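The next block holds one structure in the form of structure tokens; read it before the comments.
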Amino acid sequence: MSRPIRISNPASSTINNEDYQMKLLWKKNWLQTQQHFTDWWKCKGFVLGCWGTGIASDGMPHEDVILPPPAADFQQYHTDPELVSARIHYEMAHKVWPADVLPVAWPDIGTVTLAPYLGAVPEYKKDNIWYRPCIADPDTHPPLLYDPAHPYSRMLKAVLGRTVASSQGHYFVGMPAIVPNLDVLAQLRGTEELLIDMIERPAWVHEKLEEIEIAYRQVFDSLYEIIKDEDGAMAFGYFMLWGRGKTGLLQCDVAALFSPKMFQDFVVPYLRWSVSYLDYSMFHVDGHQCLGHIDALLEIEGLDAIEWTPDSQVPPAGSSQWYELYKRIRSAGKAVWVANLDADDVIPLLDAIGPEGVYLNVISAGGQIIRPWQMEQLSDKLESYRR
């Protein structure tokens with residue numbers, strides 16, 4: 001499938017790259033933003049972003065786009081390539097991306113998208129996709145293998161391909177939440193059953209984790225070929241990541257339920273494998289129950305960044321309570337992704353921990369959803385931190 005070339009490396013061409021990219025991406029300051037991402041991965045600067053696919057525009061749309069007709073049901077809403085791509089194009093035409101907000105569409109909103117490739121049954125809702133387990137008997141269940149002819153594989157490739165074509169280079173199409181490890185196996189087996197298996201049949205769990213890792217790479221490779229730019233750069237949807245090469249999110253939310261020793265046994269070896277596959281990697285730490293695994297993560301060579309999402313039982317990510325955690329991550333040579341900030345949190349945070357290697361995910365200003373002009377205003381205030 002052909003697509004417009006979006007230049008990611010200005011030094012690689014002799015044409016006027018700034019004029020060229022302005023004609024494609026609807027984000028006007030992309031050359032600056034991509035440099036901020038490149039620096040952030042190296043812990044040399046900061047990214048000022050926002051959760052989601054962009055901020056609702058206060059002005060005219062980028063293009064006169066007609067909203068497609070409603071889907072017959074939630075399954076069609078998420079799986080029909082024409083409807084998905086048309087809806088996304090309409091939504092993106094009505095958004096803007098000030099500061100370093102990444103113009104990235106999410107054609108798939110599942111949070112463990114590898115699971116249905118391997119047999120989990122998807123349950124579609126408007127704003128999420130859940131999965132029903134498929135491994136009832138570990139002793140008789142066949143190996144977990146990637147089948148490119150699987151209906152889910154064909155569907156997701158079609159959705160991504162059509163969305164890329166519809167984008168016309170005006171925005172990125174993000175990699176779905178293709179992640180490996182125990183979260184995938186928990187969807188296939190059931191969380192409670194998996195926790196028992198980790199005690200009663202650990203060899204089987206390791207066998208499945210190896211199979212999942214192999215399938216992960218195969219699926220990622222197949223989708224990367226669809227969404228990557230001409231120079232190999234790509235965007236990952238969830239957590240709004242961009243990098244010059246294979247860029248991915250890693251996670252193990254189920255780790256909230258077991259000890260650091262089990263994390264070392266069942267998670268770390270496979271994380272090292274995943275990190276070696278990716279050019280840029282970030283680990284998502286979900287909830288305070290997972291903070292006991294931070295030390296193990298800091299020791300993984302090649303893991304580039306760590307994100308921390310506080311749960312409702314602890315202070316939000318902008319609280320001074322977490323400043324030392326962010327410093328520890330940075331001291332280990334890893335970038336940090338700070339979740340769900342209010343604009344008022346940003347300057348105190350940067351004053352406390354410094355601006356180098358910090359991704360600021362700002363979602364509000366004064367407790368209200370942030371508007372484009374407020375993000376621009378915050379960006380102007382932070383210019384002195386880039387010098």
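Simple scheme: letters A, B, ... for chains in structure tokens order, numbers from 1 for residues in each chain, numbers from 1 for ligands in the order shown.
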Determine which residues of range 168-355 of chain A receive a DSSP assignment of strand (DSSP E), computed from the backbone, and state them as a ChimeraX atom specification.
/A:172-173,234-236,241-243,247-251,280-286,305-309,335-342
So that I can see what lies close to Ser281 in chain A, please list as number ranges by chain the residues with an atom at most 7 Å from it, counting only C-alpha atoms and leaving out residues fewer than 6 positions away in the same chain.
A: 247-250, 275, 303-305
Restrict the selected residues to N, CA and C atoms and save them as a short mmCIF file (atom, residue, chain, number, x, y, z; two decimals), in the first residue's frame.
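Output file selection.cif is given in full below:
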data_model
loop_
_atom_site.label_atom_id
_atom_site.label_comp_id
_atom_site.auth_asym_id
_atom_site.auth_seq_id
_atom_site.Cartn_x
_atom_site.Cartn_y
_atom_site.Cartn_z
N THR A 247 9.18 1.10 18.20
CA THR A 247 8.94 1.80 19.45
C THR A 247 7.74 1.15 20.14
N GLY A 248 7.92 0.69 21.37
CA GLY A 248 6.84 -0.06 21.99
C GLY A 248 6.69 0.16 23.47
N LEU A 249 5.51 -0.20 23.94
CA LEU A 249 5.17 -0.18 25.36
C LEU A 249 5.28 -1.59 25.91
N LEU A 250 5.79 -1.71 27.11
CA LEU A 250 5.83 -2.98 27.83
C LEU A 250 5.09 -2.80 29.14
N VAL A 275 12.90 -5.97 25.25
CA VAL A 275 13.71 -4.76 25.14
C VAL A 275 14.76 -4.92 24.04
N LEU A 303 16.22 -0.81 28.65
CA LEU A 303 14.88 -0.25 28.85
C LEU A 303 15.04 1.26 28.93
N ASP A 304 14.39 1.98 28.03
CA ASP A 304 14.66 3.41 27.87
C ASP A 304 13.89 4.31 28.81
N ALA A 305 12.67 3.91 29.17
CA ALA A 305 11.82 4.83 29.94
C ALA A 305 10.87 4.04 30.83
#
Which one of A:Val159, A:Asp286, A:Pro122, A:Leu257 sits closest to Leu194 in chain A if you count only C-alpha atoms?
A:Leu257
Have a look at A:Met234, A:Leu185, A:Leu195, A:Val358 and name the one nearest to Met262 in chain A; count only C-alpha atoms.
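When distances to Met262 in chain A are compared using only C-alpha atoms, the smallest one comes from A:Leu195.
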Within 10 Å of range 38-50 of chain A: each range 181-245 of chain A residue with its shortest pair, only C-alpha atoms, as a tab-separated table:
residue	atom	partner	partner_atom	distance
A:Phe239	CA	A:Cys50	CA	9.0
A:Met240	CA	A:Gly49	CA	8.2
A:Leu241	CA	A:Gly49	CA	9.9
A:Trp242	CA	A:Thr38	CA	8.4
A:Gly243	CA	A:Thr38	CA	6.8
A:Arg244	CA	A:Thr38	CA	7.8
Can you write just those residues out, N, CA and C atoms, as an mmCIF file, in the first residue's frame?
data_model
loop_
_atom_site.group_PDB
_atom_site.id
_atom_site.type_symbol
_atom_site.label_atom_id
_atom_site.label_comp_id
_atom_site.auth_asym_id
_atom_site.auth_seq_id
_atom_site.Cartn_x
_atom_site.Cartn_y
_atom_site.Cartn_z
ATOM 1 N N PHE A 239 -0.127 5.891 25.287
ATOM 2 C CA PHE A 239 0.972 6.645 25.889
ATOM 3 C C PHE A 239 1.711 7.512 24.869
ATOM 4 N N MET A 240 1.171 7.612 23.653
ATOM 5 C CA MET A 240 1.579 8.620 22.689
ATOM 6 C C MET A 240 3.098 8.691 22.527
ATOM 7 N N LEU A 241 3.676 7.592 22.057
ATOM 8 C CA LEU A 241 5.122 7.501 21.882
ATOM 9 C C LEU A 241 5.479 7.589 20.403
ATOM 10 N N TRP A 242 6.632 8.158 20.120
ATOM 11 C CA TRP A 242 7.154 8.217 18.760
ATOM 12 C C TRP A 242 8.658 7.977 18.822
ATOM 13 N N GLY A 243 9.170 7.211 17.863
ATOM 14 C CA GLY A 243 10.599 6.961 17.825
ATOM 15 C C GLY A 243 11.064 6.592 16.440
ATOM 16 N N ARG A 244 12.355 6.731 16.205
ATOM 17 C CA ARG A 244 12.958 6.421 14.901
ATOM 18 C C ARG A 244 13.320 4.933 14.851
#
As a list of chain:residue names, please: the residues near Pro142 in chain A (cut-off 12 Å, only C-alpha atoms, same-chain neighbours under 2 positions excluded).
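Using only C-alpha atoms, the neighbours found are A:Leu118, A:Gly119, A:Cys134, A:Ile135, A:Ala136, A:Asp137, A:Pro138, A:Asp139, A:Thr140, A:Leu144, A:Leu145, A:Trp204, A:Glu207, A:Lys208, A:Glu211.
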If you run DSSP on the backbone, which residues of range 114-329 of chain A are helix (DSSP H, G or I), as a PyMOL selection string?
chain A and resi 114-117+151-167+182-189+191-200+202-227+253-257+260-266+268-277+288-298+320-329
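For range 215-220 of chain A, the residues within 9 Å (counting only C-alpha atoms, excluding itself and residues fewer than 4 positions away along the chain) are Leu114, Tyr117, Leu118, Leu144, Leu145, Tyr146, Asp147, Pro148, Ser153, Met175, Ile178, Val179, Pro180, Asn181, Glu210, Glu211, Tyr224, Glu225, Lys246, Ser274 and Tyr277 of chain A.
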Rounded to one decimal in Å, what is the spacing between CA of Gly367 in chain A and CA of Arg330 in chain A?
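CA of Arg330 in chain A lies at a distance of 27.9 Å from CA of Gly367 in chain A.
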Choose the residue, out of A:Ile329, A:Val164, A:Leu271, A:Ala86, that has the smallest atom-to-atom separation from Glu356 in chain A; count only C-alpha atoms.
A:Ile329
Between A:Trp97, A:Arg162, A:Tyr131, A:Thr33, single out the one closest to Thr79 in chain A, counting only C-alpha atoms.
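The answer is A:Arg162, which sits nearest to Thr79 in chain A.
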Between CA of Met198 in chain A and CA of Ser259 in chain A, what is the distance, to one decimal in Å?
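The value is 11.7 Å.
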Contact residues around Ile88 in chain A with only C-alpha atoms at 8 Å, ignoring same-chain residues under 4 positions, as a PyMOL selection string
chain A and resi 84+92+105-107+163
Mind dumping the selected residues with all heavy atoms as an mmCIF file, in the first residue's frame?
data_model
loop_
_atom_site.group_PDB
_atom_site.id
_atom_site.type_symbol
_atom_site.label_atom_id
_atom_site.label_comp_id
_atom_site.auth_asym_id
_atom_site.auth_seq_id
_atom_site.Cartn_x
_atom_site.Cartn_y
_atom_site.Cartn_z
ATOM 1 N N VAL A 84 -14.253 2.678 10.622
ATOM 2 C CA VAL A 84 -13.217 3.086 11.574
ATOM 3 C C VAL A 84 -12.360 4.205 10.995
ATOM 4 O O VAL A 84 -12.120 5.235 11.637
ATOM 5 C CB VAL A 84 -12.340 1.885 11.976
ATOM 6 C CG1 VAL A 84 -11.142 2.351 12.802
ATOM 7 C CG2 VAL A 84 -13.148 0.864 12.772
ATOM 8 N N MET A 92 -9.929 13.435 13.761
ATOM 9 C CA MET A 92 -8.617 14.078 13.685
ATOM 10 C C MET A 92 -8.705 15.432 12.981
ATOM 11 O O MET A 92 -7.939 16.357 13.301
ATOM 12 C CB MET A 92 -7.617 13.164 12.984
ATOM 13 C CG MET A 92 -7.346 11.848 13.706
ATOM 14 S SD MET A 92 -6.644 12.033 15.360
ATOM 15 C CE MET A 92 -4.899 12.227 14.966
ATOM 16 N N ALA A 105 -3.501 8.655 15.647
ATOM 17 C CA ALA A 105 -4.813 8.026 15.706
ATOM 18 C C ALA A 105 -4.706 6.645 16.336
ATOM 19 O O ALA A 105 -3.690 5.968 16.192
ATOM 20 C CB ALA A 105 -5.388 7.919 14.295
ATOM 21 N N TRP A 106 -5.774 6.216 16.993
ATOM 22 C CA TRP A 106 -5.833 4.895 17.622
ATOM 23 C C TRP A 106 -6.931 4.069 16.952
ATOM 24 O O TRP A 106 -8.079 4.089 17.397
ATOM 25 C CB TRP A 106 -6.157 5.013 19.109
ATOM 26 C CG TRP A 106 -5.176 5.769 19.936
ATOM 27 C CD1 TRP A 106 -4.017 6.368 19.519
ATOM 28 C CD2 TRP A 106 -5.275 6.034 21.343
ATOM 29 N NE1 TRP A 106 -3.390 6.984 20.568
ATOM 30 C CE2 TRP A 106 -4.136 6.798 21.705
ATOM 31 C CE3 TRP A 106 -6.201 5.705 22.312
ATOM 32 C CZ2 TRP A 106 -3.921 7.233 23.003
ATOM 33 C CZ3 TRP A 106 -5.982 6.146 23.605
ATOM 34 C CH2 TRP A 106 -4.847 6.885 23.946
ATOM 35 N N PRO A 107 -6.635 3.324 15.901
ATOM 36 C CA PRO A 107 -7.664 2.517 15.240
ATOM 37 C C PRO A 107 -8.127 1.320 16.067
ATOM 38 O O PRO A 107 -9.145 0.717 15.743
ATOM 39 C CB PRO A 107 -6.980 2.044 13.956
ATOM 40 C CG PRO A 107 -5.788 2.927 13.794
ATOM 41 C CD PRO A 107 -5.372 3.296 15.172
ATOM 42 N N THR A 163 -6.862 2.979 7.556
ATOM 43 C CA THR A 163 -6.674 4.218 8.318
ATOM 44 C C THR A 163 -5.429 4.955 7.854
ATOM 45 O O THR A 163 -5.419 6.185 7.752
ATOM 46 C CB THR A 163 -6.604 3.917 9.826
ATOM 47 O OG1 THR A 163 -7.753 3.152 10.217
ATOM 48 C CG2 THR A 163 -6.572 5.197 10.639
#
Skipping near chain neighbours, those fewer than 3 positions away, what residues fall within 10 Å of Pro133 in chain A using only C-alpha atoms, listed as a list in words?
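Residues meeting the cut-off are Ala115, Pro116, Gly119, Ala120, Val121, Pro122, Ala136, Leu185, Ala186, Gln187, Leu188, Arg189, Gly190 and Thr191 of chain A.
We find CA of Gly245 in chain A and CA of Val112 in chain A to be spaced 21.6 Å apart.
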